[in-house]
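Student: What follows is protein_30.txt, made up of compact mmCIF, C-alpha atoms:
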```txt
# COMPACT_ATOMS: atom_id res chain seq x y z
CA MET D 1 116.87 126.06 118.62
CA SER D 2 114.56 123.36 119.76
CA ALA D 3 112.23 123.04 116.82
CA GLN D 4 110.41 119.74 117.14
CA SER D 5 108.37 117.75 114.73
CA GLY D 6 105.30 116.43 116.46
CA GLN D 7 105.83 112.86 115.35
CA THR D 8 103.55 110.52 117.20
CA GLY D 9 102.45 108.20 114.40
CA VAL D 10 104.00 105.42 112.36
CA ALA D 11 103.96 107.08 108.95
CA ARG D 12 103.87 110.56 107.50
CA ALA D 13 102.64 111.79 104.13
CA VAL D 14 102.87 115.17 102.48
CA VAL D 15 100.52 115.64 99.54
CA GLN D 16 100.72 118.25 96.79
CA GLN D 17 98.49 118.79 93.79
CA CYS D 18 100.06 118.89 90.37
CA LEU D 19 99.19 119.65 86.76
CA HIS D 20 102.25 117.73 85.68
CA ALA D 21 105.06 116.04 87.59
CA THR D 22 108.22 114.31 86.44
CA LEU D 23 110.35 112.10 88.66
CA GLN D 24 113.67 110.44 87.97
CA VAL D 25 113.41 106.72 88.70
CA LYS D 26 116.95 105.77 87.65
CA PRO D 27 119.96 108.07 87.60
CA ALA D 28 122.23 108.27 84.59
CA ASP D 29 125.31 106.05 84.72
CA SER D 30 128.18 105.40 82.37
CA GLY D 31 126.12 103.00 80.26
CA SER D 32 122.74 104.67 80.13
CA GLU D 33 120.78 107.86 80.42
CA ALA D 34 118.60 108.69 83.39
CA GLU D 35 115.09 107.23 83.37
CA TRP D 36 112.06 109.30 84.26
CA THR D 37 108.41 108.71 85.00
CA GLU D 38 105.68 111.31 84.84
CA ILE D 39 102.06 112.02 85.53
CA GLU D 40 99.63 114.60 84.27
CA ARG D 41 97.08 116.18 86.57
CA GLY D 42 96.76 114.61 89.98
CA MET D 43 98.48 114.24 93.30
CA VAL D 44 102.07 113.79 94.46
CA ILE D 45 102.33 111.77 97.67
CA TYR D 46 105.65 112.01 99.55
CA VAL D 47 105.74 109.18 102.04
CA CYS D 48 107.93 108.22 104.99
CA PHE D 49 107.62 105.34 107.43
CA PHE D 50 108.75 105.30 111.05
CA LYS D 51 110.19 102.39 112.99
CA LYS D 52 106.90 101.18 114.45
CA ALA D 53 105.16 100.98 111.07
CA THR D 54 103.82 97.60 110.00
CA GLU D 55 101.76 96.36 107.05
CA ASP D 56 98.59 96.97 109.04
CA ILE D 57 98.84 100.70 108.45
CA ILE D 58 98.96 100.49 104.65
CA PRO D 59 95.25 99.93 103.88
CA LYS D 60 94.33 102.78 106.21
CA MET D 61 96.89 105.13 104.61
CA VAL D 62 95.81 104.27 101.07
CA ASN D 63 92.12 104.55 101.93
CA SER D 64 92.63 107.94 103.60
CA LEU D 65 94.93 109.51 101.05
CA LEU D 66 92.93 108.38 98.01
CA ASN D 67 89.50 109.16 99.44
CA MET D 68 90.12 112.40 101.28
CA LYS D 69 88.98 115.58 99.56
CA LEU D 70 92.40 117.03 98.81
CA CYS D 71 91.99 117.95 95.12
CA GLU D 72 90.38 121.09 93.76
CA MET D 73 88.17 120.96 90.67
CA GLU D 74 87.85 123.85 88.21
CA ASN D 75 84.70 125.01 90.00
CA GLY D 76 86.57 125.17 93.32
CA LYS D 77 84.89 122.07 94.74
CA LEU D 78 87.17 119.74 96.70
CA VAL D 79 87.10 116.09 95.72
CA SER D 80 89.27 113.04 96.30
CA VAL D 81 91.91 112.03 93.78
CA LEU D 82 89.72 109.02 92.94
CA ASP D 83 86.76 111.28 92.21
CA LEU D 84 88.76 113.90 90.27
CA PRO D 85 89.93 111.46 88.88
CA GLY D 86 93.62 112.21 89.01
CA ASN D 87 96.91 110.44 88.56
CA ILE D 88 99.10 109.60 91.53
CA LEU D 89 102.87 109.97 91.84
CA ILE D 90 104.33 108.32 94.93
CA VAL D 91 107.70 109.60 96.13
CA PRO D 92 109.64 107.89 98.94
CA GLN D 93 110.92 110.73 101.08
CA ALA D 94 112.98 109.71 104.10
CA THR D 95 113.84 113.33 104.93
CA LEU D 96 110.21 113.79 105.99
CA GLY D 97 110.92 111.69 109.07
CA GLY D 98 113.57 114.05 110.41
CA LYS D 99 113.51 115.81 113.74
CA ALA D 100 115.33 119.09 114.23
CA LYS D 101 118.21 118.87 116.69
CA GLY D 102 120.33 122.01 116.78
CA ARG D 103 121.42 122.74 113.22
CA ASN D 104 120.88 119.17 112.05
CA MET D 105 117.97 116.93 111.19
CA GLN D 106 118.14 113.55 112.88
CA TYR D 107 116.50 110.43 111.53
CA HIS D 108 116.50 108.11 114.53
CA SER D 109 112.79 107.33 114.15
CA ASN D 110 112.95 106.37 110.47
CA ILE D 111 112.31 102.77 109.53
CA GLY D 112 115.18 100.51 108.42
CA LYS D 113 115.88 100.04 104.74
CA GLU D 114 114.50 96.52 104.26
CA GLU D 115 111.25 97.16 106.10
CA GLY D 116 110.96 100.54 104.37
CA ILE D 117 111.25 98.98 100.92
CA HIS D 118 108.63 96.39 101.84
CA LEU D 119 106.10 98.90 103.18
CA TYR D 120 106.70 101.29 100.30
CA SER D 121 106.13 98.50 97.82
CA GLN D 122 102.90 97.51 99.60
CA PHE D 123 101.78 101.13 99.62
CA VAL D 124 102.35 101.45 95.86
CA SER D 125 100.58 98.20 95.00
CA GLN D 126 97.59 98.96 97.21
CA CYS D 127 97.27 102.42 95.60
CA GLU D 128 97.31 100.72 92.19
CA LYS D 129 94.68 98.23 93.34
CA GLU D 130 92.46 100.98 94.77
CA LEU D 131 92.47 102.76 91.40
CA THR D 132 91.30 99.63 89.63
CA THR D 133 88.22 99.47 91.88
CA SER D 134 87.07 102.90 90.67
CA ASP D 135 85.03 102.89 87.47
CA LYS D 136 85.80 106.55 86.96
CA CYS D 137 89.55 105.96 87.23
CA LEU D 138 89.44 102.99 84.86
CA GLU D 139 87.38 104.96 82.36
CA MET D 140 89.72 107.98 82.46
CA GLY D 141 92.83 105.80 82.42
CA VAL D 142 94.52 107.48 85.37
CA LEU D 143 97.73 105.92 86.61
CA VAL D 144 99.88 105.33 89.66
CA LYS D 145 103.57 106.09 89.09
CA HIS D 146 106.29 105.95 91.70
CA GLY D 147 109.90 106.58 92.54
CA THR D 148 112.56 104.06 93.50
CA TYR D 149 113.06 103.65 97.25
CA GLY D 150 116.51 104.77 98.34
CA ASN D 151 117.26 106.83 95.22
CA ARG D 152 117.59 110.58 95.05
CA GLN D 153 114.12 111.83 94.12
CA VAL D 154 114.79 114.31 91.33
CA LEU D 155 111.41 115.94 90.81
CA LYS D 156 109.93 118.61 88.57
CA LEU D 157 106.52 119.83 89.60
CA ASP D 158 104.05 122.09 87.86
CA THR D 159 101.06 123.03 89.98
CA ASN D 160 97.95 125.14 89.92
CA GLY D 161 98.52 125.75 93.63
CA PRO D 162 100.26 122.92 95.42
CA PHE D 163 97.77 122.85 98.35
CA THR D 164 100.38 121.15 100.51
CA HIS D 165 98.83 118.84 103.10
CA LEU D 166 100.47 116.97 105.97
CA ILE D 167 98.76 113.78 107.09
CA GLU D 168 100.12 111.56 109.80
CA PHE D 169 99.10 107.97 110.51
CA MET Y 1 89.65 106.98 109.02
CA SER Y 2 91.17 108.81 111.91
CA ALA Y 3 94.39 110.12 110.41
CA GLN Y 4 95.74 112.82 112.69
CA SER Y 5 98.37 115.45 112.24
CA GLY Y 6 100.42 115.74 115.40
CA GLN Y 7 100.06 119.50 115.69
CA THR Y 8 101.34 120.70 119.02
CA GLY Y 9 103.21 123.87 118.02
CA VAL Y 10 102.27 127.36 116.87
CA ALA Y 11 103.68 127.24 113.35
CA ARG Y 12 104.56 124.64 110.73
CA ALA Y 13 107.03 124.80 107.87
CA VAL Y 14 107.68 122.41 105.02
CA VAL Y 15 110.96 122.98 103.22
CA GLN Y 16 111.99 121.75 99.77
CA GLN Y 17 115.19 122.30 97.85
CA CYS Y 18 114.98 123.71 94.37
CA LEU Y 19 117.15 124.44 91.36
CA HIS Y 20 114.55 126.87 90.11
CA ALA Y 21 111.10 127.84 91.38
CA THR Y 22 108.45 130.16 89.96
CA LEU Y 23 105.49 131.43 91.96
CA GLN Y 24 102.51 133.47 90.85
CA VAL Y 25 102.19 136.55 93.05
CA LYS Y 26 99.23 138.12 91.29
CA PRO Y 27 96.63 136.28 89.23
CA ALA Y 28 95.61 137.52 85.80
CA ASP Y 29 92.54 139.73 85.70
CA SER Y 30 90.67 141.48 82.91
CA GLY Y 31 93.15 144.36 82.87
CA SER Y 32 96.48 142.64 83.32
CA GLU Y 33 98.46 139.46 82.99
CA ALA Y 34 99.47 137.34 85.94
CA GLU Y 35 102.64 138.38 87.77
CA TRP Y 36 105.28 135.89 88.79
CA THR Y 37 108.35 135.85 90.96
CA GLU Y 38 111.15 133.32 90.76
CA ILE Y 39 114.32 132.10 92.37
CA GLU Y 40 117.23 130.06 91.15
CA ARG Y 41 118.89 127.48 93.38
CA GLY Y 42 117.83 127.51 96.98
CA MET Y 43 114.99 126.63 99.29
CA VAL Y 44 111.22 126.86 99.15
CA ILE Y 45 109.63 127.41 102.56
CA TYR Y 46 105.91 126.70 102.83
CA VAL Y 47 104.70 128.27 106.05
CA CYS Y 48 101.51 128.12 108.12
CA PHE Y 49 100.68 129.72 111.46
CA PHE Y 50 98.32 128.38 114.09
CA LYS Y 51 96.03 130.37 116.39
CA LYS Y 52 98.46 130.61 119.29
CA ALA Y 53 101.31 132.03 117.17
CA THR Y 54 102.68 135.44 118.14
CA GLU Y 55 105.55 137.59 116.89
CA ASP Y 56 107.84 135.97 119.47
CA ILE Y 57 108.10 132.83 117.36
CA ILE Y 58 109.35 134.59 114.21
CA PRO Y 59 113.04 135.12 115.13
CA LYS Y 60 113.28 131.50 116.26
CA MET Y 61 111.67 130.21 113.06
CA VAL Y 62 113.88 132.34 110.83
CA ASN Y 63 117.01 131.44 112.76
CA SER Y 64 116.21 127.71 112.61
CA LEU Y 65 115.12 127.50 108.99
CA LEU Y 66 117.98 129.59 107.62
CA ASN Y 67 120.72 128.03 109.76
CA MET Y 68 119.72 124.40 109.73
CA LYS Y 69 121.66 122.10 107.44
CA LEU Y 70 118.86 121.35 104.99
CA CYS Y 71 120.65 121.98 101.66
CA GLU Y 72 122.89 119.56 99.82
CA MET Y 73 126.05 120.74 98.08
CA GLU Y 74 127.48 119.08 94.96
CA ASN Y 75 129.85 117.04 97.14
CA GLY Y 76 126.93 115.70 99.19
CA LYS Y 77 127.71 117.80 102.24
CA LEU Y 78 124.71 119.33 104.00
CA VAL Y 79 124.83 123.05 104.69
CA SER Y 80 122.38 125.76 105.63
CA VAL Y 81 120.74 127.92 102.96
CA LEU Y 82 122.85 130.82 104.27
CA ASP Y 83 126.04 128.82 103.81
CA LEU Y 84 125.09 127.37 100.40
CA PRO Y 85 124.34 130.28 99.81
CA GLY Y 86 120.91 129.83 98.26
CA ASN Y 87 117.87 131.88 97.43
CA ILE Y 88 114.69 131.61 99.46
CA LEU Y 89 111.12 131.45 98.20
CA ILE Y 90 108.51 131.82 100.94
CA VAL Y 91 105.05 130.43 100.19
CA PRO Y 92 102.11 131.03 102.55
CA GLN Y 93 100.36 127.66 102.75
CA ALA Y 94 97.28 127.55 104.93
CA THR Y 95 96.46 123.98 103.85
CA LEU Y 96 99.49 122.82 105.87
CA GLY Y 97 97.54 123.55 109.05
CA GLY Y 98 94.80 121.09 108.27
CA LYS Y 99 93.79 118.13 110.35
CA ALA Y 100 92.20 115.07 108.79
CA LYS Y 101 88.63 114.49 109.88
CA GLY Y 102 86.86 111.76 107.94
CA ARG Y 103 87.16 112.62 104.25
CA ASN Y 104 87.83 116.31 104.90
CA MET Y 105 90.64 118.47 106.14
CA GLN Y 106 89.61 120.89 108.88
CA TYR Y 107 91.37 124.14 109.60
CA HIS Y 108 90.11 125.02 113.07
CA SER Y 109 93.62 125.61 114.41
CA ASN Y 110 94.72 127.99 111.65
CA ILE Y 111 95.37 131.60 112.57
CA GLY Y 112 92.92 134.33 111.52
CA LYS Y 113 93.57 136.30 108.35
CA GLU Y 114 94.74 139.61 109.87
CA GLU Y 115 97.15 138.02 112.34
CA GLY Y 116 98.31 135.62 109.64
CA ILE Y 117 99.16 138.47 107.26
CA HIS Y 118 101.06 140.24 110.03
CA LEU Y 119 103.13 137.21 111.05
CA TYR Y 120 103.81 136.25 107.44
CA SER Y 121 105.03 139.76 106.70
CA GLN Y 122 107.30 139.66 109.77
CA PHE Y 123 108.62 136.28 108.72
CA VAL Y 124 109.48 137.54 105.23
CA SER Y 125 111.17 140.71 106.46
CA GLN Y 126 113.21 138.88 109.10
CA CYS Y 127 114.36 136.37 106.47
CA GLU Y 128 115.43 139.29 104.27
CA LYS Y 129 117.26 140.88 107.20
CA GLU Y 130 119.01 137.61 108.08
CA LEU Y 131 120.37 137.36 104.53
CA THR Y 132 121.87 140.85 104.75
CA THR Y 133 123.87 139.82 107.83
CA SER Y 134 125.64 137.09 105.82
CA ASP Y 135 128.71 138.25 103.88
CA LYS Y 136 128.47 135.18 101.66
CA CYS Y 137 124.83 135.92 100.80
CA LEU Y 138 125.57 139.57 100.07
CA GLU Y 139 128.52 138.64 97.90
CA MET Y 140 126.56 136.05 95.91
CA GLY Y 141 123.52 138.29 95.67
CA VAL Y 142 121.01 135.69 96.81
CA LEU Y 143 117.44 136.85 97.32
CA VAL Y 144 114.30 136.32 99.34
CA LYS Y 145 111.15 136.18 97.22
CA HIS Y 146 107.67 135.46 98.48
CA GLY Y 147 104.07 134.83 97.61
CA THR Y 148 101.04 136.96 98.47
CA TYR Y 149 99.20 135.84 101.60
CA GLY Y 150 95.68 134.67 100.82
CA ASN Y 151 96.27 134.13 97.10
CA ARG Y 152 96.33 130.81 95.31
CA GLN Y 153 99.99 129.76 95.27
CA VAL Y 154 100.59 128.69 91.69
CA LEU Y 155 104.04 127.14 91.82
CA LYS Y 156 106.43 125.50 89.39
CA LEU Y 157 109.31 123.70 90.99
CA ASP Y 158 112.42 122.16 89.52
CA THR Y 159 114.51 120.18 92.01
CA ASN Y 160 117.59 118.04 92.23
CA GLY Y 161 115.78 116.02 94.90
CA PRO Y 162 113.30 118.02 96.94
CA PHE Y 163 114.53 116.68 100.30
CA THR Y 164 111.18 117.56 101.85
CA HIS Y 165 111.50 118.49 105.53
CA LEU Y 166 108.80 119.16 108.09
CA ILE Y 167 109.73 121.47 110.95
CA GLU Y 168 107.31 122.51 113.66
CA PHE Y 169 107.69 125.41 116.05
```
Render the structure in this file as structure tokens.
Tutor:
Amino acid sequence: MSAQSGQTGVARAVVQQCLHATLQVKPADSGSEAEWTEIERGMVIYVCFFKKATEDIIPKMVNSLLNMKLCEMENGKLVSVLDLPGNILIVPQATLGGKAKGRNMQYHSNIGKEEGIHLYSQFVSQCEKELTTSDKCLEMGVLVKHGTYGNRQVLKLDTNGPFTHLIEF
Amino acid sequence: MSAQSGQTGVARAVVQQCLHATLQVKPADSGSEAEWTEIERGMVIYVCFFKKATEDIIPKMVNSLLNMKLCEMENGKLVSVLDLPGNILIVPQATLGGKAKGRNMQYHSNIGKEEGIHLYSQFVSQCEKELTTSDKCLEMGVLVKHGTYGNRQVLKLDTNGPFTHLIEF
């Protein structure tokens, strides 16, 4: 087995459409129940950064992912999540950076924890900012929600066809 | 925007863990309700073939995807879906083959419909066969379920952390 991921970029995103998505943002512990966040119709963005990623890539990623025609309207027309307008759920997903090696996935190219948290946080805040520049998004009250970097991403997803896209940066 | 997917192989798979997944295999029409298939705990495999794919790649794909340690047990140990043992839901996902070009995804590298149906069917039947060679899978009665090539893949997914993996062949 020599399956290879063709990783040449500094970040990787997988995008899926959803009608409704629920993500655990804090696991249950002895003192409290698990906390969840959720979105209605929109887009789930799973994101992973590689070692060479820097802040420079964030505006390009956000611009691409939010403006690309990845969402299907009722009439079948493809529009961007900003034009839908749809909600956005951002899920940190380190496993996306793996490379198959024998029976295992290896994560040698993944970014370190501190830098990962920083870039993830920038990514989230720039997505939020981008939404506020869209009149349509403001009018419809769509939201950016996101998971907690480093946590297990317990997700429930209800789609009308996930239309899974891979986009590398 | 010049986001690029690093496609160099002949097939692409995205894998997610699930606790339960439901997929529409036939849409509703005037004469009948929609038909669905479902699996309990296991793995969802979204698969896409590129133009250069031939039957030769199928045994390698099936062997890799079913034997790689992509599933997490309760104790945190990673095992293959055959060793879990878990069910398998195969979802044809042409969008996975897209390449970002400006605001659109282009699908110039995707395989043609007839060849795609053939390879997808081979992939499904070889996954089914692989399960029957595993005593553990036979004993636990795990199943391979799959979507209908060319249909909209209406999916509902319940995970304990999707652990999204990208594997290229």
Student: Excluding Asp158 (chain Y) and residues on its chain fewer than 4 positions from it, collect all residues at most 6 Å away from it, counting only C-alpha atoms, and give them as a VMD selection string.
Tutor: (chain D and resid 156) or (chain Y and resid 18 to 20)
Student: Generate the output file for the selected residues, C-alpha atoms, as a PDB file, in the coordinates of the input.
Tutor:
```
ATOM      1  CA  LYS D 156     109.930 118.610  88.570  1.00  0.00           C
TER       2      LYS D 156
ATOM      3  CA  CYS Y  18     114.980 123.710  94.370  1.00  0.00           C
ATOM      4  CA  LEU Y  19     117.150 124.440  91.360  1.00  0.00           C
ATOM      5  CA  HIS Y  20     114.550 126.870  90.110  1.00  0.00           C
TER       6      HIS Y  20
END
```
Student: Rounded to one decimal in Å, what is the spacing between CA of Gln17 (chain Y) and CA of Leu119 (chain Y)?
Tutor: 23.3 Å
Student: In terms of the shortest atom-to-atom distance over all atoms listed in the file, which of D:Leu78, D:Ile117, D:Ala28, D:Ala53 is closest to chain Y?
Tutor: D:Leu78
Student: What is the CA of Cys137 (chain Y) to CA of Phe49 (chain Y) distance in Å?
Tutor: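 Between these atoms lies a distance of 27.1 Å.
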Student: Please return, as a VMD selection string, all residues of chain Y lying within 8 Å of chain D when only C-alpha atoms are considered.
Tutor: chain Y and resid 1 3 to 9 60 63 to 64 67 to 70 93 95 to 100 102 to 105 152 to 169
Student: Keeping only C-alpha atoms, write the selected residues to a file as an mmCIF file, in the frame of the given file.
Tutor:
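Ended up saving to again.cif:
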```
data_model
loop_
_atom_site.group_PDB
_atom_site.id
_atom_site.type_symbol
_atom_site.label_atom_id
_atom_site.label_comp_id
_atom_site.auth_asym_id
_atom_site.auth_seq_id
_atom_site.Cartn_x
_atom_site.Cartn_y
_atom_site.Cartn_z
ATOM 1 C CA MET Y 1 89.650 106.980 109.020
ATOM 2 C CA ALA Y 3 94.390 110.120 110.410
ATOM 3 C CA GLN Y 4 95.740 112.820 112.690
ATOM 4 C CA SER Y 5 98.370 115.450 112.240
ATOM 5 C CA GLY Y 6 100.420 115.740 115.400
ATOM 6 C CA GLN Y 7 100.060 119.500 115.690
ATOM 7 C CA THR Y 8 101.340 120.700 119.020
ATOM 8 C CA GLY Y 9 103.210 123.870 118.020
ATOM 9 C CA LYS Y 60 113.280 131.500 116.260
ATOM 10 C CA ASN Y 63 117.010 131.440 112.760
ATOM 11 C CA SER Y 64 116.210 127.710 112.610
ATOM 12 C CA ASN Y 67 120.720 128.030 109.760
ATOM 13 C CA MET Y 68 119.720 124.400 109.730
ATOM 14 C CA LYS Y 69 121.660 122.100 107.440
ATOM 15 C CA LEU Y 70 118.860 121.350 104.990
ATOM 16 C CA GLN Y 93 100.360 127.660 102.750
ATOM 17 C CA THR Y 95 96.460 123.980 103.850
ATOM 18 C CA LEU Y 96 99.490 122.820 105.870
ATOM 19 C CA GLY Y 97 97.540 123.550 109.050
ATOM 20 C CA GLY Y 98 94.800 121.090 108.270
ATOM 21 C CA LYS Y 99 93.790 118.130 110.350
ATOM 22 C CA ALA Y 100 92.200 115.070 108.790
ATOM 23 C CA GLY Y 102 86.860 111.760 107.940
ATOM 24 C CA ARG Y 103 87.160 112.620 104.250
ATOM 25 C CA ASN Y 104 87.830 116.310 104.900
ATOM 26 C CA MET Y 105 90.640 118.470 106.140
ATOM 27 C CA ARG Y 152 96.330 130.810 95.310
ATOM 28 C CA GLN Y 153 99.990 129.760 95.270
ATOM 29 C CA VAL Y 154 100.590 128.690 91.690
ATOM 30 C CA LEU Y 155 104.040 127.140 91.820
ATOM 31 C CA LYS Y 156 106.430 125.500 89.390
ATOM 32 C CA LEU Y 157 109.310 123.700 90.990
ATOM 33 C CA ASP Y 158 112.420 122.160 89.520
ATOM 34 C CA THR Y 159 114.510 120.180 92.010
ATOM 35 C CA ASN Y 160 117.590 118.040 92.230
ATOM 36 C CA GLY Y 161 115.780 116.020 94.900
ATOM 37 C CA PRO Y 162 113.300 118.020 96.940
ATOM 38 C CA PHE Y 163 114.530 116.680 100.300
ATOM 39 C CA THR Y 164 111.180 117.560 101.850
ATOM 40 C CA HIS Y 165 111.500 118.490 105.530
ATOM 41 C CA LEU Y 166 108.800 119.160 108.090
ATOM 42 C CA ILE Y 167 109.730 121.470 110.950
ATOM 43 C CA GLU Y 168 107.310 122.510 113.660
ATOM 44 C CA PHE Y 169 107.690 125.410 116.050
#
```
Student: Counting only C-alpha atoms, write as a list of chain:residue names all protein and nucleic acid residues lying at most 9 Å from (86.8, 107.3, 87.6) in the file's frame.
Tutor: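 Those residues lying close to the given coordinates are D:Leu82, D:Asp83, D:Leu84, D:Pro85, D:Gly86, D:Leu131, D:Ser134, D:Asp135, D:Lys136, D:Cys137, D:Leu138, D:Glu139, D:Met140, D:Gly141, D:Val142.
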Student: Can you measure CA of Glu72 (chain Y) to CA of Glu38 (chain Y) for me? One decimal in Å is fine.
Tutor: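 Atom-to-atom, CA of Glu72 (chain Y) and CA of Glu38 (chain Y) are spaced 20.2 Å apart.
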Student: So, with only C-alpha atoms as the atoms that count, which of D:Gln16, D:Thr133, D:Thr37, D:Asn110 lies closest to His146 (chain D)?
Tutor: D:Thr37
Student: When you count only C-alpha atoms, which of these residues is closest to Leu143 (chain D): D:Val81, D:Ile111, D:Ile39, D:Ala11?
Tutor: D:Ile39
Student: Reconstruct N, CA, C and O atoms of region 19-35 of chain D from the incomplete input and present them as an mmCIF file, keeping the file's coordinate frame.
Tutor:
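Below is the file selection.cif, written as the result:
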```cif
data_model
loop_
_atom_site.group_PDB
_atom_site.id
_atom_site.type_symbol
_atom_site.label_atom_id
_atom_site.label_comp_id
_atom_site.auth_asym_id
_atom_site.auth_seq_id
_atom_site.Cartn_x
_atom_site.Cartn_y
_atom_site.Cartn_z
ATOM 1 N N LEU D 19 99.724 119.677 88.123
ATOM 2 C CA LEU D 19 99.190 119.650 86.760
ATOM 3 C C LEU D 19 100.030 118.683 85.937
ATOM 4 O O LEU D 19 99.550 118.055 85.004
ATOM 5 N N HIS D 20 101.297 118.587 86.353
ATOM 6 C CA HIS D 20 102.250 117.730 85.680
ATOM 7 C C HIS D 20 103.431 117.518 86.623
ATOM 8 O O HIS D 20 103.859 118.464 87.273
ATOM 9 N N ALA D 21 103.905 116.301 86.734
ATOM 10 C CA ALA D 21 105.060 116.040 87.590
ATOM 11 C C ALA D 21 105.940 114.993 86.933
ATOM 12 O O ALA D 21 105.445 114.035 86.334
ATOM 13 N N THR D 22 107.235 115.205 87.038
ATOM 14 C CA THR D 22 108.220 114.310 86.440
ATOM 15 C C THR D 22 109.205 113.883 87.515
ATOM 16 O O THR D 22 109.697 114.724 88.259
ATOM 17 N N LEU D 23 109.464 112.614 87.612
ATOM 18 C CA LEU D 23 110.350 112.100 88.660
ATOM 19 C C LEU D 23 111.377 111.153 88.045
ATOM 20 O O LEU D 23 111.032 110.276 87.249
ATOM 21 N N GLN D 24 112.630 111.341 88.438
ATOM 22 C CA GLN D 24 113.670 110.440 87.970
ATOM 23 C C GLN D 24 113.576 109.133 88.740
ATOM 24 O O GLN D 24 113.527 109.135 89.971
ATOM 25 N N VAL D 25 113.521 108.016 88.015
ATOM 26 C CA VAL D 25 113.410 106.720 88.700
ATOM 27 C C VAL D 25 114.721 105.938 88.613
ATOM 28 O O VAL D 25 114.911 104.948 89.311
ATOM 29 N N LYS D 26 115.626 106.400 87.751
ATOM 30 C CA LYS D 26 116.950 105.770 87.650
ATOM 31 C C LYS D 26 117.939 106.840 87.206
ATOM 32 O O LYS D 26 117.727 107.466 86.168
ATOM 33 N N PRO D 27 118.982 107.047 87.997
ATOM 34 C CA PRO D 27 119.960 108.070 87.600
ATOM 35 C C PRO D 27 120.777 107.608 86.394
ATOM 36 O O PRO D 27 120.878 106.407 86.126
ATOM 37 N N ALA D 28 121.335 108.588 85.708
ATOM 38 C CA ALA D 28 122.230 108.270 84.590
ATOM 39 C C ALA D 28 123.457 107.546 85.140
ATOM 40 O O ALA D 28 123.905 107.818 86.248
ATOM 41 N N ASP D 29 123.985 106.589 84.395
ATOM 42 C CA ASP D 29 125.310 106.050 84.720
ATOM 43 C C ASP D 29 126.115 105.962 83.441
ATOM 44 O O ASP D 29 125.666 106.430 82.382
ATOM 45 N N SER D 30 127.284 105.364 83.532
ATOM 46 C CA SER D 30 128.180 105.400 82.370
ATOM 47 C C SER D 30 127.547 104.738 81.145
ATOM 48 O O SER D 30 127.813 105.125 80.018
ATOM 49 N N GLY D 31 126.677 103.742 81.387
ATOM 50 C CA GLY D 31 126.120 103.000 80.260
ATOM 51 C C GLY D 31 124.771 103.480 79.768
ATOM 52 O O GLY D 31 124.331 103.098 78.693
ATOM 53 N N SER D 32 124.102 104.326 80.532
ATOM 54 C CA SER D 32 122.740 104.670 80.130
ATOM 55 C C SER D 32 122.314 106.024 80.667
ATOM 56 O O SER D 32 122.849 106.518 81.656
ATOM 57 N N GLU D 33 121.321 106.575 79.993
ATOM 58 C CA GLU D 33 120.780 107.860 80.420
ATOM 59 C C GLU D 33 119.835 107.658 81.602
ATOM 60 O O GLU D 33 119.370 106.555 81.870
ATOM 61 N N ALA D 34 119.551 108.749 82.286
ATOM 62 C CA ALA D 34 118.600 108.690 83.390
ATOM 63 C C ALA D 34 117.224 108.286 82.878
ATOM 64 O O ALA D 34 116.870 108.577 81.742
ATOM 65 N N GLU D 35 116.459 107.584 83.734
ATOM 66 C CA GLU D 35 115.090 107.230 83.370
ATOM 67 C C GLU D 35 114.115 108.030 84.220
ATOM 68 O O GLU D 35 114.343 108.209 85.410
#
```
